[in-house]
Amino acid sequence: QFVDQTEARRLRADLEFRASRDALTGVSNRADLMAHLALQLQAARGTARIGVLFVDIDNLKPMNDTLGHRAGDDVITAVAERLSGAVRREDLVARIGGDEFVVVLDHMFAPDQLRQIADKCLDAVCRPVQSRAGDVDVTVSIGAVLASSADTPDHVLKRADSALYVAKEAGRNQVSLG
């Protein structure tokens, strides 16, 4: 007797994809980020380190309050696409909260290399987004850190989050290396 498993396999693959992805943007979710970051930190050897960018959309709440949540969703989706386009295919972009993203950059060797990629992400993201409510000016703040195999994922994210708040306190729309 023959049983076609095509549909069951497709559904299983779809469920596995959804379990690791953010529903709105399609980028990785927090669970996928933490698993990926743990693996990358374990694999970091010698002088190679992992770069981590903690990215926060500036003033998303006022955008949502004045333009509506659909416009906010358009901004979030555009930021995810722009971050993904600004980094290498092997790097990971994850949405971990409403307006927060984390980018994991493999094979970073120096702070100036990390700064260059963080600046590239800032430039890529910080331009108007065409939303359902019209054009919306978008800026982000970025905290950037280098991590090694001695770090834990939680510690790396805490350091990157601290660097992010330095960028916000300094006036937003900028990168802070931690």
# chains A, B, ... in the order shown; residues from 1 in each chain; ligands from 1
call {"tool": "residues_around", "arguments": {"residues": "A:Val175", "least_positions_apart": "6", "cutoff": "7 Å", "atoms": "only C-alpha atoms", "output": "list of chain:residue names"}}
result
A:Ala118, A:Asp119, A:Ser141, A:Ile142, A:Gly143, A:Ala167
call {"tool": "select_by_dssp", "arguments": {"residues": "stretch 3-70 of chain A", "states": "alpha helix (DSSP H)", "output": "PyMOL selection string"}}
result
chain A and resi 6-20+30-43+60-67+69-70
call {"tool": "closest_residue", "arguments": {"among": "A:Ile50, A:Ala80, A:Ala19, A:Leu67", "to": "A:Thr152", "atoms": "only C-alpha atoms"}}
result
A:Ile50
call {"tool": "closest_residue", "arguments": {"among": "A:Leu146, A:Leu177, A:Val104, A:Val138", "to": "A:Ala71", "atoms": "only C-alpha atoms"}}
result
A:Val138
call {"tool": "residues_around", "arguments": {"residues": "A:Leu39", "least_positions_apart": "5", "cutoff": "10 Å", "atoms": "only C-alpha atoms", "output": "list of chain:residue names"}}
result
A:Leu33, A:Met34, A:Ala44, A:Ser149, A:Pro153
call {"tool": "write_last_selection", "arguments": {"atoms": "N, CA, C and O atoms", "output": "PDB file, in the first residue's frame"}}
result
ATOM      1  N   LEU A  33      18.003  32.757  17.778  1.00  0.00           N
ATOM      2  CA  LEU A  33      19.163  33.597  18.084  1.00  0.00           C
ATOM      3  C   LEU A  33      20.017  32.984  19.187  1.00  0.00           C
ATOM      4  O   LEU A  33      21.237  32.870  19.045  1.00  0.00           O
ATOM      5  N   MET A  34      19.390  32.596  20.286  1.00  0.00           N
ATOM      6  CA  MET A  34      20.153  32.076  21.426  1.00  0.00           C
ATOM      7  C   MET A  34      20.880  30.785  21.063  1.00  0.00           C
ATOM      8  O   MET A  34      22.032  30.587  21.451  1.00  0.00           O
ATOM      9  N   ALA A  44      34.120  29.848  18.206  1.00  0.00           N
ATOM     10  CA  ALA A  44      35.118  30.923  18.091  1.00  0.00           C
ATOM     11  C   ALA A  44      36.448  30.434  18.654  1.00  0.00           C
ATOM     12  O   ALA A  44      36.531  29.971  19.777  1.00  0.00           O
ATOM     13  N   SER A 149      34.878  32.927  22.854  1.00  0.00           N
ATOM     14  CA  SER A 149      34.372  31.658  23.373  1.00  0.00           C
ATOM     15  C   SER A 149      34.255  31.658  24.898  1.00  0.00           C
ATOM     16  O   SER A 149      33.571  30.808  25.456  1.00  0.00           O
ATOM     17  N   PRO A 153      25.992  33.483  25.881  1.00  0.00           N
ATOM     18  CA  PRO A 153      25.039  34.286  25.112  1.00  0.00           C
ATOM     19  C   PRO A 153      24.366  35.378  25.943  1.00  0.00           C
ATOM     20  O   PRO A 153      24.249  36.519  25.489  1.00  0.00           O
TER      21      PRO A 153
END
call {"tool": "closest_residue", "arguments": {"among": "A:Lys168, A:Arg89, A:Lys120, A:Arg115", "to": "A:Ala144", "atoms": "only C-alpha atoms"}}
result
A:Arg115
call {"tool": "atom_distance", "arguments": {"atom1": "atom CA of A:His155", "atom2": "atom CA of A:Ala110"}}
result
19.4 Å
